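Visitor: Contents of input.pdb (PDB, C-alpha atoms) are below:
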ATOM      1  CA  MET A   1     -45.186   9.251   4.484  1.00  0.00           C
ATOM      2  CA  HIS A   2     -44.557   5.592   5.357  1.00  0.00           C
ATOM      3  CA  GLU A   3     -43.733   6.755   8.879  1.00  0.00           C
ATOM      4  CA  LEU A   4     -47.462   7.279   9.497  1.00  0.00           C
ATOM      5  CA  SER A   5     -48.315   3.615   8.930  1.00  0.00           C
ATOM      6  CA  ILE A   6     -45.238   2.535  10.883  1.00  0.00           C
ATOM      7  CA  THR A   7     -46.255   4.760  13.783  1.00  0.00           C
ATOM      8  CA  GLN A   8     -49.819   3.432  13.676  1.00  0.00           C
ATOM      9  CA  ASN A   9     -48.410  -0.107  13.947  1.00  0.00           C
ATOM     10  CA  ILE A  10     -46.279   0.900  16.923  1.00  0.00           C
ATOM     11  CA  LEU A  11     -49.360   2.336  18.636  1.00  0.00           C
ATOM     12  CA  GLU A  12     -51.397  -0.820  17.988  1.00  0.00           C
ATOM     13  CA  ILE A  13     -48.634  -3.080  19.322  1.00  0.00           C
ATOM     14  CA  ALA A  14     -48.102  -0.921  22.412  1.00  0.00           C
ATOM     15  CA  LEU A  15     -51.821  -0.767  23.195  1.00  0.00           C
ATOM     16  CA  LYS A  16     -52.197  -4.522  22.757  1.00  0.00           C
ATOM     17  CA  HIS A  17     -49.378  -5.290  25.195  1.00  0.00           C
ATOM     18  CA  ALA A  18     -50.504  -2.619  27.644  1.00  0.00           C
ATOM     19  CA  GLN A  19     -54.022  -4.019  27.666  1.00  0.00           C
ATOM     20  CA  ALA A  20     -52.673  -7.521  28.327  1.00  0.00           C
ATOM     21  CA  ALA A  21     -50.738  -6.119  31.309  1.00  0.00           C
ATOM     22  CA  ASN A  22     -53.730  -4.111  32.599  1.00  0.00           C
ATOM     23  CA  ALA A  23     -51.779  -0.876  32.220  1.00  0.00           C
ATOM     24  CA  ARG A  24     -53.436   2.430  32.847  1.00  0.00           C
ATOM     25  CA  LYS A  25     -50.696   4.407  31.083  1.00  0.00           C
ATOM     26  CA  ILE A  26     -47.740   3.866  28.776  1.00  0.00           C
ATOM     27  CA  SER A  27     -44.909   6.199  29.725  1.00  0.00           C
ATOM     28  CA  ASP A  28     -42.014   5.221  27.455  1.00  0.00           C
ATOM     29  CA  LEU A  29     -41.440   3.305  24.228  1.00  0.00           C
ATOM     30  CA  TYR A  30     -38.004   2.150  23.100  1.00  0.00           C
ATOM     31  CA  LEU A  31     -37.494   1.827  19.352  1.00  0.00           C
ATOM     32  CA  VAL A  32     -34.520   0.278  17.556  1.00  0.00           C
ATOM     33  CA  ILE A  33     -33.829   1.681  14.093  1.00  0.00           C
ATOM     34  CA  GLY A  34     -31.097   0.517  11.741  1.00  0.00           C
ATOM     35  CA  GLN A  35     -28.976   2.988   9.794  1.00  0.00           C
ATOM     36  CA  LEU A  36     -30.313   1.621   6.494  1.00  0.00           C
ATOM     37  CA  SER A  37     -33.998   1.470   7.460  1.00  0.00           C
ATOM     38  CA  SER A  38     -34.971   4.889   5.989  1.00  0.00           C
ATOM     39  CA  VAL A  39     -37.179   5.629   9.025  1.00  0.00           C
ATOM     40  CA  VAL A  40     -36.948   9.289  10.096  1.00  0.00           C
ATOM     41  CA  ASP A  41     -37.079   9.773  13.875  1.00  0.00           C
ATOM     42  CA  ASP A  42     -38.644  13.239  13.702  1.00  0.00           C
ATOM     43  CA  SER A  43     -41.438  12.007  11.432  1.00  0.00           C
ATOM     44  CA  VAL A  44     -42.253   9.111  13.754  1.00  0.00           C
ATOM     45  CA  GLN A  45     -42.297  11.520  16.693  1.00  0.00           C
ATOM     46  CA  PHE A  46     -44.545  13.959  14.794  1.00  0.00           C
ATOM     47  CA  TYR A  47     -47.088  11.262  13.913  1.00  0.00           C
ATOM     48  CA  TRP A  48     -46.850   9.734  17.392  1.00  0.00           C
ATOM     49  CA  ASP A  49     -47.846  13.007  19.018  1.00  0.00           C
ATOM     50  CA  MET A  50     -50.911  13.200  16.762  1.00  0.00           C
ATOM     51  CA  ILE A  51     -52.202   9.626  16.776  1.00  0.00           C
ATOM     52  CA  SER A  52     -51.535   8.820  20.436  1.00  0.00           C
ATOM     53  CA  GLU A  53     -53.730  11.715  21.578  1.00  0.00           C
ATOM     54  CA  GLY A  54     -56.674  10.472  23.607  1.00  0.00           C
ATOM     55  CA  THR A  55     -55.100   7.062  24.290  1.00  0.00           C
ATOM     56  CA  ILE A  56     -53.151   5.710  27.265  1.00  0.00           C
ATOM     57  CA  CYS A  57     -50.053   6.427  25.157  1.00  0.00           C
ATOM     58  CA  GLN A  58     -50.630  10.173  25.076  1.00  0.00           C
ATOM     59  CA  GLY A  59     -47.533  11.904  26.385  1.00  0.00           C
ATOM     60  CA  ALA A  60     -45.403   8.768  26.231  1.00  0.00           C
ATOM     61  CA  GLU A  61     -41.789   9.457  25.390  1.00  0.00           C
ATOM     62  CA  LEU A  62     -40.244   7.770  22.373  1.00  0.00           C
ATOM     63  CA  HIS A  63     -36.622   6.703  22.742  1.00  0.00           C
ATOM     64  CA  PHE A  64     -34.745   6.053  19.504  1.00  0.00           C
ATOM     65  CA  LYS A  65     -31.722   3.768  19.436  1.00  0.00           C
ATOM     66  CA  ARG A  66     -29.885   3.848  16.117  1.00  0.00           C
ATOM     67  CA  LEU A  67     -27.945   0.773  15.059  1.00  0.00           C
ATOM     68  CA  PRO A  68     -25.054   1.247  12.644  1.00  0.00           C
ATOM     69  CA  ALA A  69     -24.909  -0.825   9.490  1.00  0.00           C
ATOM     70  CA  LEU A  70     -22.599  -3.817   9.725  1.00  0.00           C
ATOM     71  CA  LEU A  71     -21.330  -5.864   6.784  1.00  0.00           C
ATOM     72  CA  GLU A  72     -19.982  -9.423   6.734  1.00  0.00           C
ATOM     73  CA  CYS A  73     -17.671 -10.785   4.075  1.00  0.00           C
ATOM     74  CA  ARG A  74     -19.006 -14.002   2.562  1.00  0.00           C
ATOM     75  CA  ASP A  75     -15.468 -15.123   1.716  1.00  0.00           C
ATOM     76  CA  CYS A  76     -13.482 -14.611   4.920  1.00  0.00           C
ATOM     77  CA  GLY A  77     -16.193 -13.867   7.516  1.00  0.00           C
ATOM     78  CA  GLU A  78     -14.789 -10.464   8.520  1.00  0.00           C
ATOM     79  CA  ARG A  79     -17.391  -8.081   9.965  1.00  0.00           C
ATOM     80  CA  TYR A  80     -16.958  -4.350   9.548  1.00  0.00           C
ATOM     81  CA  PRO A  81     -19.058  -1.177   9.742  1.00  0.00           C
ATOM     82  CA  LEU A  82     -20.565   0.575   6.763  1.00  0.00           C
ATOM     83  CA  ASP A  83     -19.116   3.959   7.617  1.00  0.00           C
ATOM     84  CA  ASP A  84     -20.459   6.499   5.147  1.00  0.00           C
ATOM     85  CA  GLY A  85     -23.320   4.531   3.616  1.00  0.00           C
ATOM     86  CA  THR A  86     -21.261   3.473   0.607  1.00  0.00           C
ATOM     87  CA  LEU A  87     -20.873  -0.250   0.025  1.00  0.00           C
ATOM     88  CA  THR A  88     -17.173  -1.081   0.248  1.00  0.00           C
ATOM     89  CA  PRO A  89     -15.132  -4.241  -0.343  1.00  0.00           C
ATOM     90  CA  CYS A  90     -14.053  -6.330   2.634  1.00  0.00           C
ATOM     91  CA  ILE A  91     -11.470  -4.570   4.756  1.00  0.00           C
ATOM     92  CA  GLN A  92      -9.662  -7.883   5.360  1.00  0.00           C
ATOM     93  CA  CYS A  93      -9.533  -9.646   1.970  1.00  0.00           C
ATOM     94  CA  ASP A  94     -10.908  -7.007  -0.471  1.00  0.00           C
ATOM     95  CA  SER A  95     -13.746  -9.291  -1.588  1.00  0.00           C
ATOM     96  CA  ILE A  96     -16.898  -7.666  -2.939  1.00  0.00           C
ATOM     97  CA  SER A  97     -19.072 -10.567  -1.794  1.00  0.00           C
ATOM     98  CA  VAL A  98     -20.550  -9.016   1.347  1.00  0.00           C
ATOM     99  CA  ALA A  99     -23.875  -9.129   3.150  1.00  0.00           C
ATOM    100  CA  VAL A 100     -25.625  -6.643   5.420  1.00  0.00           C
ATOM    101  CA  VAL A 101     -25.937  -8.305   8.848  1.00  0.00           C
ATOM    102  CA  GLN A 102     -27.122  -5.264  10.809  1.00  0.00           C
ATOM    103  CA  GLY A 103     -28.655  -1.938   9.948  1.00  0.00           C
ATOM    104  CA  LYS A 104     -32.038  -2.704   8.372  1.00  0.00           C
ATOM    105  CA  GLU A 105     -33.849  -3.209  11.705  1.00  0.00           C
ATOM    106  CA  PHE A 106     -36.918  -1.402  12.864  1.00  0.00           C
ATOM    107  CA  ARG A 107     -38.669  -2.676  15.952  1.00  0.00           C
ATOM    108  CA  LEU A 108     -40.404  -1.735  19.155  1.00  0.00           C
ATOM    109  CA  ASP A 109     -37.919  -3.100  21.668  1.00  0.00           C
ATOM    110  CA  SER A 110     -39.787  -2.425  24.911  1.00  0.00           C
ATOM    111  CA  ILE A 111     -42.402  -0.292  26.623  1.00  0.00           C
ATOM    112  CA  GLU A 112     -42.738   1.041  30.125  1.00  0.00           C
ATOM    113  CA  ILE A 113     -46.180   1.076  31.650  1.00  0.00           C
ATOM    114  CA  GLU A 114     -47.929   2.262  34.773  1.00  0.00           C
ATOM    115  CA  VAL A 115     -50.444  -0.114  36.335  1.00  0.00           C
TER     116      VAL A 115
END
What do you get writing this file as structure tokens?
Guide:
Amino acid sequence: MHELSITQNILEIALKHAQAANARKISDLYLVIGQLSSVVDDSVQFYWDMISEGTICQGAELHFKRLPALLECRDCGERYPLDDGTLTPCIQCDSISVAVVQGKEFRLDSIEIEV
């Protein structure tokens, strides 16, 4: 259900920027979503279709770009992907001291407007 509030925030941000650019229509929105963010694309799309109705965003296409999770070893600096969602030791030195450096993102990257 958190996708509803997320989608409402996306709409507010898009409308704010469109208004500043004197847009008459928003045609496309580009979203970046990390593998670990727990945001479900289909839910965002479902809520988008409902809440954008009657706004200059109605009919705008959502584009989802998924970023894979990336870990960094705190001991040797090696960066490696989190393949199956299971936290694994460093592939270089076998250390368990790792940090997530990519994969928790969720952002509106850009919008396309018609003026």
Visitor: Convert the output of the PyMOL selection byres ((chain A and resi 75) around 12) on the shown file into explicit residues, formatted as a list of chain:residue names.
Guide: A:Glu72, A:Cys73, A:Arg74, A:Cys76, A:Gly77, A:Glu78, A:Arg79, A:Pro89, A:Cys90, A:Ile91, A:Gln92, A:Cys93, A:Asp94, A:Ser95, A:Ile96, A:Ser97, A:Val98, A:Ala99
Visitor: To one decimal place, how far is CA of Gly103 in chain A from CA of Lys16 in chain A in Å?
Guide: 26.9 Å
Visitor: Ranking A:Phe106, A:Tyr47, A:Tyr80, A:Phe64 by minimum distance to Gln8 in chain A and counting all atoms listed in the file, which one comes first?
Guide: A:Tyr47
Visitor: Please evaluate the PyMOL selection byres ((chain A and resi 57-62) around 7) against the structure above and give the resulting residues as a list in words.
Guide: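 Selected by the PyMOL selection byres ((chain A and resi 57-62) around 7) here: Lys25, Ile26, Ser27, Asp28, Leu29, Tyr30, Ser52, Glu53, Gly54, Thr55, Ile56, His63 and Phe64 of chain A.
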Visitor: Output C-alpha atoms for every residue in that selection, as an mmCIF file, keeping the file's coordinate frame.
Guide:
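Output (out.cif):
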data_model
loop_
_atom_site.group_PDB
_atom_site.id
_atom_site.type_symbol
_atom_site.label_atom_id
_atom_site.label_comp_id
_atom_site.auth_asym_id
_atom_site.auth_seq_id
_atom_site.Cartn_x
_atom_site.Cartn_y
_atom_site.Cartn_z
ATOM 1 C CA LYS A 25 -50.696 4.407 31.083
ATOM 2 C CA ILE A 26 -47.740 3.866 28.776
ATOM 3 C CA SER A 27 -44.909 6.199 29.725
ATOM 4 C CA ASP A 28 -42.014 5.221 27.455
ATOM 5 C CA LEU A 29 -41.440 3.305 24.228
ATOM 6 C CA TYR A 30 -38.004 2.150 23.100
ATOM 7 C CA SER A 52 -51.535 8.820 20.436
ATOM 8 C CA GLU A 53 -53.730 11.715 21.578
ATOM 9 C CA GLY A 54 -56.674 10.472 23.607
ATOM 10 C CA THR A 55 -55.100 7.062 24.290
ATOM 11 C CA ILE A 56 -53.151 5.710 27.265
ATOM 12 C CA HIS A 63 -36.622 6.703 22.742
ATOM 13 C CA PHE A 64 -34.745 6.053 19.504
#
Visitor: Just to confirm, what's the straight-line distance from CA of Leu11 in chain A to CA of Ala69 in chain A in Å (one decimal)?
Guide: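 The value is 26.3 Å.
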Visitor: Using only C-alpha atoms for the distances, tell me which of A:Ala14, A:Val115, A:Met50, A:Leu36 is nearest to Asp84 in chain A.
Guide: A:Leu36
Visitor: What is the distance between CA of Leu108 in chain A and CA of Asp41 in chain A, in Å to one decimal?
Guide: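 CA of Asp41 in chain A lies at a distance of 13.1 Å from CA of Leu108 in chain A.
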Visitor: With only C-alpha atoms as the atoms that count, which of A:Gly85, A:Ser38, A:Val44, A:Ser110 lies nearest to Thr7 in chain A?
Guide: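 For Thr7 in chain A, the nearest of the given residues is A:Val44.
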Visitor: Could you check the closest approach to Lys104 in chain A for each of A:Val40, A:Val32, A:Pro81, A:Ile51 and tell me which residue wins, using only C-alpha atoms?
Guide: A:Val32
Visitor: For the provided coordinates, the residues matched by the PyMOL selection byres ((chain A and resi 67) around 8) should be stated as a PDB file with C-alpha atoms, in the frame of the given file.
Guide:
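Result written to selection.pdb:
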ATOM      1  CA  VAL A  32     -34.520   0.278  17.556  1.00  0.00           C
ATOM      2  CA  ILE A  33     -33.829   1.681  14.093  1.00  0.00           C
ATOM      3  CA  GLY A  34     -31.097   0.517  11.741  1.00  0.00           C
ATOM      4  CA  GLN A  35     -28.976   2.988   9.794  1.00  0.00           C
ATOM      5  CA  LYS A  65     -31.722   3.768  19.436  1.00  0.00           C
ATOM      6  CA  ARG A  66     -29.885   3.848  16.117  1.00  0.00           C
ATOM      7  CA  PRO A  68     -25.054   1.247  12.644  1.00  0.00           C
ATOM      8  CA  ALA A  69     -24.909  -0.825   9.490  1.00  0.00           C
ATOM      9  CA  GLN A 102     -27.122  -5.264  10.809  1.00  0.00           C
ATOM     10  CA  GLY A 103     -28.655  -1.938   9.948  1.00  0.00           C
ATOM     11  CA  GLU A 105     -33.849  -3.209  11.705  1.00  0.00           C
TER      12      GLU A 105
END
Visitor: If the box runs along x, y and z of the file and leaves 5 Å on each side of range 18-23 of chain A, what are its centre and edge lengths in Å, one decimal, as JSON?
Guide:
{"center_x": -52.3, "center_y": -4.2, "center_z": 30.1, "size_x": 13.5, "size_y": 16.6, "size_z": 15.0}
Visitor: Dig up all the protein and nucleic acid residues within 6 Å of (-51.4, -0.7, 33.4) in the file frame, using only C-alpha atoms, and format them as a PyMOL selection string.
Guide: chain A and resi 21-25+113-115
Visitor: Calculated over all atoms listed in the file, which of the candidates A:Ile111, A:Leu82, A:Leu15, A:Ile6 has the smallest distance to Ser43 in chain A?
Guide: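 Using all atoms listed in the file, the shortest distance to Ser43 in chain A belongs to A:Ile6.
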Visitor: Please determine, counting all atoms listed in the file, which residue among A:Leu71, A:Thr88, A:Glu112, A:Val39 has the shortest atom-to-atom distance to Ser5 in chain A.
Guide: A:Val39
Visitor: With N, CA and C atoms as the goal, would you fill in the gaps in range 20-47 of chain A and present it as a compact mmCIF listing (two decimals), in the coordinates of the input?
Guide:
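Generated output (result14.txt):
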# COMPACT_ATOMS: atom_id res chain seq x y z
N ALA A 20 -52.94 -6.20 27.76
CA ALA A 20 -52.67 -7.52 28.33
C ALA A 20 -52.07 -7.42 29.73
N ALA A 21 -51.36 -6.31 30.00
CA ALA A 21 -50.74 -6.12 31.31
C ALA A 21 -51.60 -5.26 32.23
N ASN A 22 -52.82 -4.96 31.82
CA ASN A 22 -53.73 -4.11 32.60
C ASN A 22 -53.11 -2.76 32.95
N ALA A 23 -52.42 -2.17 32.00
CA ALA A 23 -51.78 -0.88 32.22
C ALA A 23 -52.81 0.23 32.16
N ARG A 24 -52.56 1.26 32.94
CA ARG A 24 -53.44 2.43 32.85
C ARG A 24 -52.77 3.54 32.04
N LYS A 25 -51.44 3.41 31.85
CA LYS A 25 -50.70 4.41 31.08
C LYS A 25 -49.41 3.78 30.54
N ILE A 26 -49.05 4.21 29.35
CA ILE A 26 -47.74 3.87 28.78
C ILE A 26 -46.90 5.13 28.88
N SER A 27 -45.73 5.02 29.51
CA SER A 27 -44.91 6.20 29.72
C SER A 27 -43.74 6.32 28.75
N ASP A 28 -43.19 5.19 28.32
CA ASP A 28 -42.01 5.22 27.46
C ASP A 28 -42.06 4.07 26.46
N LEU A 29 -41.59 4.34 25.25
CA LEU A 29 -41.44 3.30 24.23
C LEU A 29 -40.02 3.38 23.70
N TYR A 30 -39.38 2.23 23.55
CA TYR A 30 -38.00 2.15 23.10
C TYR A 30 -37.97 1.50 21.72
N LEU A 31 -37.53 2.28 20.74
CA LEU A 31 -37.49 1.83 19.35
C LEU A 31 -36.06 1.62 18.90
N VAL A 32 -35.83 0.56 18.13
CA VAL A 32 -34.52 0.28 17.56
C VAL A 32 -34.64 0.48 16.05
N ILE A 33 -33.77 1.33 15.51
CA ILE A 33 -33.83 1.68 14.09
C ILE A 33 -32.44 1.53 13.47
N GLY A 34 -32.36 0.72 12.44
CA GLY A 34 -31.10 0.52 11.74
C GLY A 34 -30.77 1.69 10.83
N GLN A 35 -29.49 1.91 10.63
CA GLN A 35 -28.98 2.99 9.79
C GLN A 35 -29.55 2.95 8.38
N LEU A 36 -29.83 1.77 7.86
CA LEU A 36 -30.31 1.62 6.49
C LEU A 36 -31.83 1.52 6.38
N SER A 37 -32.55 1.72 7.46
CA SER A 37 -34.00 1.47 7.46
C SER A 37 -34.82 2.57 6.79
N SER A 38 -34.30 3.73 6.60
CA SER A 38 -34.97 4.89 5.99
C SER A 38 -36.09 5.46 6.85
N VAL A 39 -36.18 5.07 8.10
CA VAL A 39 -37.18 5.63 9.02
C VAL A 39 -36.60 6.91 9.63
N VAL A 40 -37.38 7.99 9.59
CA VAL A 40 -36.95 9.29 10.10
C VAL A 40 -37.54 9.50 11.49
N ASP A 41 -36.66 9.62 12.48
CA ASP A 41 -37.08 9.77 13.88
C ASP A 41 -38.09 10.91 14.06
N ASP A 42 -37.78 12.07 13.51
CA ASP A 42 -38.64 13.24 13.70
C ASP A 42 -40.04 13.01 13.13
N SER A 43 -40.12 12.29 12.02
CA SER A 43 -41.44 12.01 11.43
C SER A 43 -42.24 11.06 12.32
N VAL A 44 -41.57 10.03 12.84
CA VAL A 44 -42.25 9.11 13.75
C VAL A 44 -42.75 9.87 14.97
N GLN A 45 -41.91 10.73 15.52
CA GLN A 45 -42.30 11.52 16.69
C GLN A 45 -43.48 12.43 16.36
N PHE A 46 -43.46 13.08 15.22
CA PHE A 46 -44.54 13.96 14.79
C PHE A 46 -45.86 13.20 14.72
N TYR A 47 -45.86 12.06 14.03
CA TYR A 47 -47.09 11.26 13.91
C TYR A 47 -47.51 10.68 15.26
